[in-house]
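K.L.:
Pasting model.csv here (CSV, N, CA and C atoms):
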```csv
chain,number,residue,atom,x,y,z
L,1,MET,N,0.8,-1.2,0.0
L,1,MET,CA,0.0,0.0,0.0
L,1,MET,C,0.9,1.2,0.0
L,2,ILE,N,0.7,2.1,-1.0
L,2,ILE,CA,1.5,3.4,-1.1
L,2,ILE,C,0.4,4.5,-1.0
L,3,THR,N,0.8,5.5,-0.2
L,3,THR,CA,-0.2,6.6,0.0
L,3,THR,C,0.3,7.8,-0.8
L,4,GLY,N,-0.6,8.8,-0.9
L,4,GLY,CA,-0.3,10.0,-1.6
L,4,GLY,C,0.8,10.8,-0.8
L,5,ARG,N,0.8,10.7,0.5
L,5,ARG,CA,1.8,11.4,1.3
L,5,ARG,C,3.2,10.8,1.1
L,6,GLN,N,3.2,9.5,1.0
L,6,GLN,CA,4.5,8.8,0.7
L,6,GLN,C,5.1,9.3,-0.6
L,7,LEU,N,4.2,9.4,-1.6
L,7,LEU,CA,4.7,9.8,-2.9
L,7,LEU,C,5.2,11.2,-2.9
L,8,ARG,N,4.5,12.1,-2.2
L,8,ARG,CA,5.0,13.5,-2.1
L,8,ARG,C,6.3,13.5,-1.3
L,9,ALA,N,6.4,12.7,-0.2
L,9,ALA,CA,7.7,12.7,0.6
L,9,ALA,C,8.8,12.2,-0.2
L,10,ALA,N,8.6,11.1,-1.0
L,10,ALA,CA,9.6,10.5,-1.8
L,10,ALA,C,10.2,11.6,-2.8
L,11,ARG,N,9.3,12.2,-3.5
L,11,ARG,CA,9.6,13.3,-4.5
L,11,ARG,C,10.4,14.4,-3.8
L,12,ALA,N,10.0,14.8,-2.6
L,12,ALA,CA,10.7,15.8,-1.9
L,12,ALA,C,12.1,15.4,-1.5
L,13,LEU,N,12.3,14.2,-1.1
L,13,LEU,CA,13.6,13.7,-0.7
L,13,LEU,C,14.7,13.8,-1.8
L,14,ILE,N,14.2,13.6,-3.0
L,14,ILE,CA,15.2,13.7,-4.2
L,14,ILE,C,15.1,15.0,-4.9
L,15,GLY,N,14.3,15.9,-4.4
L,15,GLY,CA,14.3,17.3,-4.9
L,15,GLY,C,13.6,17.4,-6.3
L,16,TRP,N,12.6,16.6,-6.6
L,16,TRP,CA,12.0,16.7,-7.9
L,16,TRP,C,10.6,17.4,-7.7
L,17,GLU,N,10.3,18.2,-8.7
L,17,GLU,CA,9.0,18.8,-8.8
L,17,GLU,C,8.0,17.7,-9.4
L,18,GLN,N,6.8,17.9,-9.4
L,18,GLN,CA,5.8,17.0,-10.0
L,18,GLN,C,6.1,16.8,-11.5
L,19,VAL,N,6.5,17.9,-12.1
L,19,VAL,CA,6.7,17.8,-13.6
L,19,VAL,C,7.9,16.9,-13.9
L,20,GLU,N,8.9,16.9,-13.0
L,20,GLU,CA,10.1,16.1,-13.2
L,20,GLU,C,9.7,14.6,-13.1
L,21,LEU,N,9.0,14.3,-12.0
L,21,LEU,CA,8.5,12.9,-11.8
L,21,LEU,C,7.7,12.4,-13.0
L,22,ALA,N,6.8,13.3,-13.5
L,22,ALA,CA,5.9,12.9,-14.6
L,22,ALA,C,6.7,12.6,-15.8
L,23,LYS,N,7.7,13.5,-16.1
L,23,LYS,CA,8.6,13.3,-17.3
L,23,LYS,C,9.4,12.0,-17.2
L,24,ARG,N,10.0,11.8,-16.0
L,24,ARG,CA,10.9,10.6,-15.9
L,24,ARG,C,10.1,9.3,-15.9
L,25,SER,N,8.9,9.3,-15.3
L,25,SER,CA,8.1,8.1,-15.2
L,25,SER,C,7.2,7.9,-16.5
L,26,ARG,N,7.2,8.9,-17.3
L,26,ARG,CA,6.3,8.9,-18.5
L,26,ARG,C,4.8,8.7,-18.2
L,27,VAL,N,4.4,9.5,-17.2
L,27,VAL,CA,3.1,9.5,-16.7
L,27,VAL,C,2.6,11.0,-16.8
L,28,ALA,N,1.4,11.2,-17.1
L,28,ALA,CA,0.8,12.6,-17.2
L,28,ALA,C,0.9,13.3,-15.9
L,29,ILE,N,1.2,14.6,-16.0
L,29,ILE,CA,1.3,15.4,-14.8
L,29,ILE,C,0.0,15.4,-14.0
L,30,GLY,N,-1.1,15.4,-14.6
L,30,GLY,CA,-2.4,15.3,-13.9
L,30,GLY,C,-2.5,14.1,-13.1
L,31,THR,N,-1.9,13.0,-13.6
L,31,THR,CA,-2.0,11.7,-12.9
L,31,THR,C,-1.1,11.8,-11.6
L,32,ILE,N,0.0,12.4,-11.7
L,32,ILE,CA,0.9,12.5,-10.6
L,32,ILE,C,0.2,13.4,-9.5
L,33,ARG,N,-0.4,14.5,-10.0
L,33,ARG,CA,-1.2,15.4,-9.0
L,33,ARG,C,-2.3,14.6,-8.3
L,34,ARG,N,-3.0,13.8,-9.1
L,34,ARG,CA,-4.1,13.1,-8.6
L,34,ARG,C,-3.6,12.0,-7.6
L,35,MET,N,-2.6,11.3,-7.9
L,35,MET,CA,-2.0,10.3,-7.0
L,35,MET,C,-1.6,10.9,-5.7
L,36,GLU,N,-0.9,12.1,-5.8
L,36,GLU,CA,-0.5,12.8,-4.5
L,36,GLU,C,-1.6,13.3,-3.7
L,37,SER,N,-2.8,13.5,-4.3
L,37,SER,CA,-3.9,14.1,-3.6
L,37,SER,C,-4.6,13.1,-2.7
L,38,PHE,N,-4.4,11.8,-2.9
L,38,PHE,CA,-5.0,10.8,-2.1
L,38,PHE,C,-4.5,10.9,-0.6
L,39,GLN,N,-5.5,10.9,0.3
L,39,GLN,CA,-5.1,10.9,1.7
L,39,GLN,C,-4.6,9.5,2.2
L,40,GLY,N,-5.2,8.5,1.6
L,40,GLY,CA,-4.8,7.1,2.0
L,40,GLY,C,-4.1,6.5,0.8
L,41,GLU,N,-4.5,5.2,0.7
L,41,GLU,CA,-3.9,4.4,-0.4
L,41,GLU,C,-4.2,5.0,-1.8
L,42,ILE,N,-3.2,5.0,-2.6
L,42,ILE,CA,-3.4,5.6,-4.0
L,42,ILE,C,-4.3,4.6,-4.8
L,43,GLY,N,-5.3,5.2,-5.4
L,43,GLY,CA,-6.2,4.4,-6.3
L,43,GLY,C,-5.9,4.8,-7.7
L,44,SER,N,-5.2,3.9,-8.4
L,44,SER,CA,-4.9,4.1,-9.8
L,44,SER,C,-4.6,2.8,-10.4
L,45,ARG,N,-4.4,2.8,-11.7
L,45,ARG,CA,-4.1,1.6,-12.4
L,45,ARG,C,-2.8,1.1,-11.9
L,46,THR,N,-2.7,-0.2,-11.7
L,46,THR,CA,-1.5,-0.8,-11.1
L,46,THR,C,-0.3,-0.6,-12.0
L,47,SER,N,-0.4,-0.6,-13.3
L,47,SER,CA,0.7,-0.4,-14.2
L,47,SER,C,1.2,1.0,-14.1
L,48,THR,N,0.3,2.0,-14.0
L,48,THR,CA,0.7,3.4,-13.8
L,48,THR,C,1.5,3.6,-12.5
L,49,LEU,N,0.9,3.2,-11.4
L,49,LEU,CA,1.5,3.3,-10.1
L,49,LEU,C,2.9,2.6,-10.1
L,50,SER,N,3.0,1.5,-10.7
L,50,SER,CA,4.3,0.7,-10.8
L,50,SER,C,5.3,1.5,-11.5
L,51,GLN,N,4.9,2.2,-12.6
L,51,GLN,CA,5.9,3.0,-13.4
L,51,GLN,C,6.4,4.1,-12.5
L,52,VAL,N,5.6,4.8,-11.7
L,52,VAL,CA,6.0,5.9,-10.9
L,52,VAL,C,6.9,5.4,-9.7
L,53,LEU,N,6.5,4.3,-9.1
L,53,LEU,CA,7.3,3.7,-8.0
L,53,LEU,C,8.6,3.3,-8.5
L,54,SER,N,8.7,2.6,-9.6
L,54,SER,CA,9.9,2.1,-10.2
L,54,SER,C,10.9,3.3,-10.5
L,55,THR,N,10.4,4.4,-11.0
L,55,THR,CA,11.2,5.6,-11.3
L,55,THR,C,11.8,6.1,-10.0
L,56,LEU,N,11.0,6.2,-8.9
L,56,LEU,CA,11.5,6.7,-7.6
L,56,LEU,C,12.5,5.8,-7.0
L,57,GLU,N,12.2,4.5,-7.1
L,57,GLU,CA,13.2,3.5,-6.6
L,57,GLU,C,14.5,3.5,-7.3
L,58,LYS,N,14.5,3.7,-8.6
L,58,LYS,CA,15.7,3.9,-9.3
L,58,LYS,C,16.5,5.1,-8.9
L,59,ALA,N,15.8,6.1,-8.4
L,59,ALA,CA,16.4,7.3,-8.0
L,59,ALA,C,16.9,7.2,-6.5
L,60,GLY,N,16.7,6.1,-5.9
L,60,GLY,CA,17.2,5.8,-4.6
L,60,GLY,C,16.2,5.8,-3.4
L,61,ILE,N,15.0,5.8,-3.8
L,61,ILE,CA,13.9,5.9,-2.7
L,61,ILE,C,13.5,4.4,-2.3
L,62,GLN,N,13.4,4.2,-1.0
L,62,GLN,CA,12.9,3.0,-0.5
L,62,GLN,C,11.5,3.3,0.2
L,63,PHE,N,10.5,2.5,-0.2
L,63,PHE,CA,9.2,2.7,0.5
L,63,PHE,C,9.1,1.8,1.6
L,64,LEU,N,8.7,2.3,2.8
L,64,LEU,CA,8.5,1.5,4.0
L,64,LEU,C,7.0,1.3,4.3
L,65,ASN,N,6.6,0.1,4.6
L,65,ASN,CA,5.2,-0.1,4.8
L,65,ASN,C,5.0,-1.1,6.0
L,66,ASP,N,5.9,-1.2,6.9
L,66,ASP,CA,5.8,-2.2,7.9
L,66,ASP,C,5.1,-1.6,9.1
L,67,GLY,N,3.8,-1.4,8.9
L,67,GLY,CA,2.9,-0.9,10.0
L,67,GLY,C,3.0,0.6,10.2
L,68,SER,N,4.0,1.3,9.7
L,68,SER,CA,4.1,2.7,9.7
L,68,SER,C,4.7,3.2,8.4
L,69,PRO,N,3.8,3.5,7.4
L,69,PRO,CA,4.3,3.9,6.1
L,69,PRO,C,5.2,5.1,6.1
L,70,GLY,N,6.2,5.0,5.3
L,70,GLY,CA,7.2,6.1,5.2
L,70,GLY,C,8.1,5.9,3.9
L,71,VAL,N,9.1,6.7,3.8
L,71,VAL,CA,10.0,6.6,2.7
L,71,VAL,C,11.4,7.0,3.3
L,72,ARG,N,12.4,6.5,2.6
L,72,ARG,CA,13.8,6.9,3.0
L,72,ARG,C,14.6,6.9,1.7
L,73,LEU,N,15.7,7.7,1.7
L,73,LEU,CA,16.6,7.8,0.6
L,73,LEU,C,17.8,6.9,1.0
L,74,LEU,N,18.0,5.9,0.1
L,74,LEU,CA,19.1,5.0,0.3
L,74,LEU,C,20.4,5.7,0.1
L,75,PRO,N,21.4,5.3,0.9
L,75,PRO,CA,22.7,5.9,0.7
L,75,PRO,C,23.4,5.4,-0.6
L,76,HIS,N,24.0,6.3,-1.3
L,76,HIS,CA,24.7,5.9,-2.5
L,76,HIS,C,26.0,5.3,-2.1
L,77,THR,N,26.3,4.1,-2.6
L,77,THR,CA,27.6,3.5,-2.3
L,77,THR,C,28.6,3.8,-3.3
L,78,ARG,N,29.8,3.8,-2.9
L,78,ARG,CA,31.0,4.0,-3.8
L,78,ARG,C,31.2,2.8,-4.6
L,79,PRO,N,31.6,3.0,-5.9
L,79,PRO,CA,31.9,1.9,-6.8
L,79,PRO,C,33.0,1.1,-6.2
L,80,GLN,N,33.0,-0.2,-6.5
L,80,GLN,CA,34.1,-1.1,-6.1
L,80,GLN,C,35.4,-0.6,-6.6
L,81,GLY,N,36.5,-0.8,-5.9
L,81,GLY,CA,37.8,-0.3,-6.4
L,81,GLY,C,38.5,0.5,-5.4
L,82,ARG,N,39.5,1.2,-5.8
L,82,ARG,CA,40.3,2.0,-4.9
L,82,ARG,C,39.5,3.3,-4.4
L,83,SER,N,39.8,3.6,-3.2
L,83,SER,CA,39.1,4.8,-2.7
L,83,SER,C,40.0,6.0,-3.0
L,84,GLU,N,39.5,7.2,-2.7
L,84,GLU,CA,40.2,8.5,-3.0
L,84,GLU,C,41.5,8.5,-2.3
L,85,LYS,N,41.6,8.0,-1.1
L,85,LYS,CA,42.8,8.1,-0.3
L,85,LYS,C,43.9,7.1,-0.8
L,86,ASP,N,43.5,6.1,-1.6
L,86,ASP,CA,44.4,5.1,-2.1
L,86,ASP,C,45.0,5.6,-3.4
L,87,ARG,N,44.5,6.7,-4.0
L,87,ARG,CA,44.9,7.1,-5.3
L,87,ARG,C,46.2,8.0,-5.1
L,88,PRO,N,47.1,8.0,-6.1
L,88,PRO,CA,48.3,8.8,-5.9
L,88,PRO,C,48.0,10.3,-6.1
```
Show how you would write the structure in this file as structure tokens.

P.N.:
Amino acid sequence: MITGRQLRAARALIGWEQVELAKRSRVAIGTIRRMESFQGEIGSRTSTLSQVLSTLEKAGIQFLNDGSPGVRLLPHTRPQGRSEKDRP
């Protein structure tokens, strides 16, 4: 279950406006606005919601739903290999 508040919070964490999310997820801006307006669980086509969630997850968002819905931004990990301090 994903709520409109979770969607707004996820977008805020990565600093995207509604227009940016719509563009990246290839969903109409009106659809994003409608999804974010839901007070509870988002009521939309499963495929459309999946597109939006997938786009946010690729940007580093993790949706939390274990009794207390929320979102968090996953830390970006350094690529494998030498660290900055190991370089000459």

K.L.:
Which polymer residues have any atom within 7 Å of an atom of Gln62 of chain L, counting all atoms listed in the file, with same-chain residues fewer than 5 positions away left out, as a list of chain:residue names?

P.N.:
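Those residues are L:Leu56, L:Glu57, L:Gly70, L:Val71, L:Arg72, L:Leu73, L:Leu74.
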
K.L.:
Would you mind writing down, as a list in words, each residue of chain L that DSSP on the backbone assigns to strand (DSSP E)?

P.N.:
Ile61, Gln62, Phe63, Leu64, Gly70, Val71, Arg72 and Leu73 of chain L

K.L.:
Figure out the distance between atom C of Ser54 of chain L and atom CA of Ser25 of chain L, please, to one decimal in Å.

P.N.:
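Computed distance, atom CA of Ser25 of chain L to atom C of Ser54 of chain L, equals 7.3 Å.
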
K.L.:
One decimal, Å: what's the distance from atom CA of Val52 of chain L over to atom CA of Leu7 of chain L, could you say?

P.N.:
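One can read the atom CA of Val52 of chain L to atom CA of Leu7 of chain L distance as 9.0 Å.
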
K.L.:
Could you please write out, as a VMD selection string, every residue of chain L that DSSP assigns to helix (DSSP H, G or I)?

P.N.:
chain L and resid 4 to 14 18 to 25 29 to 37 46 to 58 84 to 86

K.L.:
Could you please determine the separation between atom CA of Ile29 of chain L and atom C of Asn65 of chain L in Å, to one decimal place?

P.N.:
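According to the coordinates, atom CA of Ile29 of chain L and atom C of Asn65 of chain L are separated by 26.8 Å.
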
K.L.:
With distances taken over only C-alpha atoms, which of L:Lys58, L:Arg5, L:Lys23, L:Arg11 is nearest to Gln39 of chain L?

P.N.:
L:Arg5

K.L.:
For Ala59 of chain L, which residue among L:Ile32, L:Met1, L:Ser37, L:Pro75 is the nearest when counting only C-alpha atoms?

P.N.:
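Distance minimum relative to Ala59 of chain L lands on L:Pro75.
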
K.L.:
Pick the closest to Thr31 of chain L from L:Leu13, L:Gly4, L:Gly60, L:Thr55: which is it, counting only C-alpha atoms?

P.N.:
L:Gly4
